[in-house]
$ cat model-v7.txt   # compact mmCIF, C-alpha atoms and all ligand atoms
# COMPACT_ATOMS: atom_id res chain seq x y z
CA MET X 1 -92.42 -3.12 8.16
CA VAL X 2 -93.86 -3.32 11.66
CA THR X 3 -94.19 -6.87 12.88
CA LYS X 4 -96.49 -8.01 15.64
CA ASP X 5 -93.55 -9.71 17.31
CA VAL X 6 -91.87 -6.47 18.35
CA PRO X 7 -92.81 -5.64 21.94
CA ILE X 8 -94.52 -2.27 22.38
CA GLU X 9 -91.78 -1.14 24.74
CA ALA X 10 -89.06 -1.66 22.13
CA GLN X 11 -90.94 0.56 19.68
CA GLN X 12 -90.95 3.48 22.08
CA ALA X 13 -88.39 6.20 21.67
CA LYS X 14 -85.55 6.39 24.13
CA LYS X 15 -85.85 8.89 26.95
CA VAL X 16 -83.97 12.10 26.39
CA ILE X 17 -81.35 13.45 28.76
CA ALA X 18 -80.58 17.19 28.66
CA LEU X 19 -76.95 17.43 29.64
CA ASP X 20 -75.52 20.72 30.88
CA VAL X 21 -71.89 21.65 30.16
CA ASP X 22 -70.44 24.34 32.51
CA GLY X 23 -69.91 22.89 36.00
CA THR X 24 -71.67 19.63 35.09
CA ILE X 25 -69.15 18.05 32.72
CA ALA X 26 -66.71 20.95 32.07
CA ASP X 27 -64.57 22.07 35.01
CA LEU X 28 -64.70 25.84 34.67
CA ALA X 29 -64.29 26.37 38.43
CA THR X 30 -60.55 25.66 38.41
CA GLN X 31 -60.02 28.29 35.70
CA ILE X 32 -62.41 30.78 37.35
CA VAL X 33 -60.49 30.61 40.65
CA LYS X 34 -57.14 31.08 38.85
CA ILE X 35 -58.24 34.16 36.93
CA VAL X 36 -60.24 35.74 39.76
CA ASN X 37 -57.38 35.43 42.26
CA ASP X 38 -54.97 36.82 39.71
CA ARG X 39 -57.13 39.82 38.89
CA TYR X 40 -58.75 40.47 42.28
CA PRO X 41 -55.91 39.90 44.80
CA ASP X 42 -58.22 40.39 47.78
CA ALA X 43 -60.54 37.61 46.64
CA HIS X 44 -58.42 34.62 47.90
CA LEU X 45 -60.95 32.16 46.47
CA THR X 46 -60.73 28.39 46.41
CA VAL X 47 -63.05 26.13 44.38
CA GLU X 48 -64.79 25.13 47.65
CA GLN X 49 -65.46 28.80 48.37
CA LEU X 50 -67.36 29.28 45.10
CA THR X 51 -70.62 29.09 46.99
CA LYS X 52 -72.61 31.29 44.63
CA TYR X 53 -73.52 30.52 41.05
CA HIS X 54 -73.01 34.19 40.25
CA VAL X 55 -69.38 34.58 41.30
CA GLU X 56 -69.57 38.38 41.23
CA ASP X 57 -71.70 38.08 44.40
CA LEU X 58 -68.59 36.74 46.16
CA VAL X 59 -66.16 39.43 45.02
CA PRO X 60 -67.36 42.92 46.01
CA SER X 61 -65.36 44.78 43.37
CA MET X 62 -66.41 42.49 40.49
CA THR X 63 -69.29 43.38 38.20
CA ARG X 64 -71.56 40.91 36.41
CA ALA X 65 -70.09 42.00 33.08
CA GLU X 66 -66.55 41.35 34.36
CA PHE X 67 -67.47 37.84 35.46
CA ILE X 68 -69.11 37.09 32.09
CA GLY X 69 -65.89 38.40 30.50
CA ILE X 70 -63.88 35.90 32.56
CA LEU X 71 -66.15 33.04 31.43
CA LYS X 72 -65.72 34.18 27.84
CA GLU X 73 -61.95 34.24 28.27
CA ILE X 74 -62.03 30.71 29.69
CA TRP X 75 -64.02 29.45 26.69
CA ASP X 76 -61.64 31.27 24.32
CA ASN X 77 -58.98 29.00 25.85
CA TYR X 78 -61.24 25.93 26.00
CA LYS X 79 -58.39 23.49 25.48
CA HIS X 80 -57.38 24.20 29.10
CA ILE X 81 -60.83 23.31 30.47
CA GLY X 82 -60.75 19.89 32.10
CA LEU X 83 -63.52 17.42 32.90
CA VAL X 84 -65.48 17.64 36.16
CA ASP X 85 -64.78 13.90 36.53
CA ASN X 86 -62.49 11.77 34.36
CA SER X 87 -65.04 8.95 34.31
CA ILE X 88 -67.66 11.10 32.51
CA PRO X 89 -66.88 9.98 28.91
CA ALA X 90 -67.14 6.29 29.85
CA ILE X 91 -70.31 6.83 31.91
CA LEU X 92 -71.98 8.72 29.03
CA ARG X 93 -71.04 5.98 26.55
CA GLU X 94 -72.74 3.48 28.84
CA VAL X 95 -75.78 5.69 29.49
CA HIS X 96 -76.12 6.32 25.74
CA LYS X 97 -77.15 2.69 25.19
CA ASP X 98 -80.42 3.45 27.01
CA TYR X 99 -80.92 7.18 26.49
CA GLU X 100 -80.68 9.87 23.85
CA ILE X 101 -78.27 12.57 25.02
CA HIS X 102 -78.89 16.22 24.16
CA VAL X 103 -76.19 18.66 25.19
CA VAL X 104 -78.20 21.73 26.27
CA THR X 105 -76.00 24.60 27.32
CA ALA X 106 -76.17 28.33 28.00
CA ALA X 107 -72.35 28.55 28.08
CA VAL X 108 -70.83 31.81 26.81
CA GLY X 109 -68.45 29.96 24.47
CA THR X 110 -69.21 29.84 20.74
CA ASP X 111 -70.81 26.74 19.20
CA ASP X 112 -67.47 25.85 17.61
CA GLN X 113 -65.57 26.18 20.91
CA ILE X 114 -68.05 24.10 22.90
CA LYS X 115 -68.40 21.41 20.20
CA ASP X 116 -64.63 21.11 19.86
CA TRP X 117 -64.32 20.78 23.65
CA LEU X 118 -66.94 17.99 23.54
CA ARG X 119 -65.00 16.27 20.74
CA ILE X 120 -61.62 16.56 22.49
CA ASN X 121 -63.12 15.16 25.69
CA ASN X 122 -64.91 12.25 23.97
CA ILE X 123 -68.37 13.29 25.08
CA THR X 124 -71.07 11.14 23.47
CA TYR X 125 -74.19 13.06 22.40
CA ASP X 126 -76.94 13.03 19.77
CA LYS X 127 -77.90 16.68 19.60
CA PHE X 128 -76.33 20.03 20.51
CA VAL X 129 -78.57 22.88 21.66
CA HIS X 130 -77.08 26.25 22.55
CA VAL X 131 -79.63 28.34 24.46
CA LYS X 132 -79.27 32.00 25.34
CA HIS X 133 -80.42 31.80 28.95
CA GLN X 134 -80.58 29.07 31.62
CA ALA X 135 -84.37 29.53 31.68
CA ASP X 136 -84.58 28.47 28.00
CA LYS X 137 -83.41 24.95 28.92
CA GLN X 138 -86.92 24.01 30.02
CA ASN X 139 -88.12 24.40 26.41
CA GLU X 140 -85.94 21.49 25.30
CA GLY X 141 -88.60 19.11 26.59
CA ALA X 142 -86.15 16.44 27.73
CA ASP X 143 -87.23 13.75 30.18
CA ILE X 144 -84.28 14.05 32.54
CA TYR X 145 -82.06 17.07 33.11
CA VAL X 146 -78.52 16.78 34.47
CA ASP X 147 -77.35 20.16 35.75
CA ASP X 148 -75.18 21.74 38.45
CA TYR X 149 -77.48 24.72 39.10
CA PHE X 150 -80.47 24.33 41.38
CA ALA X 151 -82.38 27.17 39.70
CA VAL X 152 -82.59 24.99 36.56
CA ALA X 153 -83.79 22.05 38.65
CA LYS X 154 -86.58 24.15 40.16
CA GLN X 155 -87.70 25.39 36.73
CA VAL X 156 -87.92 21.99 35.10
CA ALA X 157 -89.23 20.04 38.13
CA VAL X 158 -92.45 22.08 38.09
CA LEU X 159 -92.90 20.89 34.49
CA ASP X 160 -92.92 17.33 35.84
CA LYS X 161 -89.43 16.52 34.53
CA ASN X 162 -86.79 14.62 36.44
CA VAL X 163 -83.63 16.42 37.42
CA ILE X 164 -80.31 15.14 38.67
CA VAL X 165 -78.44 17.99 40.33
CA ILE X 166 -74.69 17.50 40.43
CA LYS X 167 -73.71 18.82 43.83
CA GLN X 168 -71.10 21.54 43.46
CA PRO X 169 -70.15 24.27 45.98
CA TRP X 170 -72.10 26.78 43.82
CA SER X 171 -75.22 24.66 43.18
CA GLU X 172 -77.36 26.63 45.71
CA ILE X 173 -79.33 23.53 46.66
CA ASP X 174 -82.59 24.14 48.54
CA GLU X 175 -83.41 21.04 50.62
CA GLN X 176 -86.99 22.16 51.22
CA VAL X 177 -87.68 22.36 47.48
CA ILE X 178 -86.21 18.86 47.07
CA LEU X 179 -88.49 17.50 49.81
CA ASN X 180 -91.50 19.05 48.09
CA SER X 181 -90.49 17.82 44.64
CA HIS X 182 -91.88 14.28 45.05
CA ASN X 183 -88.57 12.74 43.93
CA LYS X 184 -88.49 14.82 40.75
CA ILE X 185 -85.22 16.39 41.95
CA VAL X 186 -82.42 14.15 43.14
CA VAL X 187 -78.92 15.24 44.15
CA ALA X 188 -75.85 13.38 42.90
CA GLN X 189 -72.69 13.83 44.96
CA THR X 190 -70.54 12.52 42.10
CA TRP X 191 -70.83 11.22 38.54
CA VAL X 192 -70.81 7.67 39.91
CA ASP X 193 -74.15 8.61 41.52
CA VAL X 194 -75.43 9.91 38.18
CA ARG X 195 -74.57 6.57 36.59
CA GLU X 196 -76.36 4.67 39.38
CA LEU X 197 -79.44 6.87 39.06
CA LEU X 198 -79.70 6.47 35.28
CA LEU X 199 -78.74 2.89 34.66
CA PRO X 200 -80.96 0.89 37.03
CA LYS X 201 -84.02 2.57 35.44
CA MET X 202 -84.82 4.32 38.71
CA LEU X 203 -85.89 7.47 36.97
CA ARG X 204 -87.99 5.76 34.35
CA LYS X 205 -91.71 5.68 34.63
MG MG X 301 -73.97 24.56 34.53
$ encode --input "model-v7.txt" --output "structure tokens" --more "lines below"
Ligand SMILES: [Mg+2]
Amino acid sequence: MVTKDVPIEAQQAKKVIALDVDGTIADLATQIVKIVNDRYPDAHLTVEQLTKYHVEDLVPSMTRAEFIGILKEIWDNYKHIGLVDNSIPAILREVHKDYEIHVVTAAVGTDDQIKDWLRINNITYDKFVHVKHQADKQNEGADIYVDDYFAVAKQVAVLDKNVIVIKQPWSEIDEQVILNSHNKIVVAQTWVDVRELLLPKMLRK
């Protein structure tokens, strides 16, 4: 029964966050660097030197298919994938009081692998959506996207969605696009920034 005493605001659905996995909450970079340096001895990569989202662009002898193969191998051994920040589970538990959290990922791992990783790492979420391509994320229709890849930010910001870009060496951030985004795109240096951006209702309309 709907009573007249319930404020309109309380009847509204919670805003939805689309939460990316690879590079946003799951630290694949550490594993990528290990495998790439092992297999391509001339690469000499560090995590800081992963300045391209497509790592094959950094290693001349590596093909796209080989890099995808490495990502697949990392997800096959998902129990070795750490968190981008150890405070993420606690921050998401806190954020979940005010938002619905949809994990929206294009990761090459299987549903079972990714879901088990989320379980092991105590990631709070309401819905799991496994898309084929990064570009499909925009169809999720979330209110706020949290992602490490600037290309995703660009795609969803034009749809009038808010985006928090987690700054990583490979994010490929375009400052000019941010300036023109009318605050739709904000950059978080760390997960503490993500928490600050979400909790004080700064992104809410
Ligand atoms: Mg990502």
$ residues_near_ligand --input "model-v7.txt" --ligand "ligand MG 301 (chain X)" --cutoff "12 Å" --atoms "all atoms listed in the file" --output "VMD selection string"
chain X and resid 18 to 29 53 to 54 71 84 103 to 108 133 to 135 137 145 to 153 165 to 168 170 to 172
$ atom_distance --input "model-v7.txt" --atom1 "CA of Val177 (chain X)" --atom2 "CA of Asn162 (chain X)"
13.5 Å
$ residues_around --input "model-v7.txt" --residues "Asn180 (chain X)" --least-positions-apart "5" --cutoff "12 Å" --atoms "all atoms listed in the file" --output "PyMOL selection string"
chain X and resi 154+157-158+174-175+185-186
$ closest_residue --input "model-v7.txt" --among "X:Lys72, X:Glu196, X:Asp42, X:Gln189" --to "Pro169 (chain X)" --atoms "only C-alpha atoms"
X:Gln189
$ residues_around --input "model-v7.txt" --residues "Ile101 (chain X)" --least-positions-apart "3" --cutoff "7 Å" --atoms "only C-alpha atoms" --output "ChimeraX atom specification"
/X:16-19,96,125-127
$ residues_around --input "model-v7.txt" --residues "Leu58 (chain X)" --least-positions-apart "5" --cutoff "12 Å" --atoms "all atoms listed in the file" --output "PyMOL selection string"
chain X and resi 33+36-37+40+42-46+49-53+63-64+67+170
$ atom_distance --input "model-v7.txt" --atom1 "CA of Pro60 (chain X)" --atom2 "CA of Lys34 (chain X)"
17.2 Å
$ atom_distance --input "model-v7.txt" --atom1 "CA of Trp75 (chain X)" --atom2 "CA of Tyr99 (chain X)"
28.0 Å
$ closest_residue --input "model-v7.txt" --among "X:Ala65, X:Glu140, X:Arg119, X:Asp98" --to "Gln12 (chain X)" --atoms "all atoms listed in the file"
X:Asp98
$ closest_residue --input "model-v7.txt" --among "X:Asp85, X:Asp57, X:Glu73, X:Glu66" --to "Trp191 (chain X)" --atoms "all atoms listed in the file"
X:Asp85
$ closest_residue --input "model-v7.txt" --among "X:Ile74, X:Val187, X:Ile32, X:Val131" --to "Gln113 (chain X)" --atoms "all atoms listed in the file"
X:Ile74
$ closest_residue --input "model-v7.txt" --among "X:Thr190, X:Ser61, X:Asn183, X:Gln155" --to "Ser87 (chain X)" --atoms "all atoms listed in the file"
X:Thr190
$ residues_around --input "model-v7.txt" --residues "Thr110 (chain X)" --least-positions-apart "5" --cutoff "9 Å" --atoms "all atoms listed in the file" --output "list in words"
Trp75, Asp76, Lys115 and His130 of chain X
$ write_last_selection --input "model-v7.txt" --atoms "C-alpha atoms" --output "tab-separated table (two decimals), in the frame of the given file"
chain	number	residue	atom	x	y	z
X	75	TRP	CA	-64.02	29.45	26.69
X	76	ASP	CA	-61.64	31.27	24.32
X	115	LYS	CA	-68.40	21.41	20.20
X	130	HIS	CA	-77.08	26.25	22.55
$ closest_residue --input "model-v7.txt" --among "X:Lys14, X:His182, X:Lys97, X:Arg195" --to "Ala142 (chain X)" --atoms "all atoms listed in the file"
X:Lys14
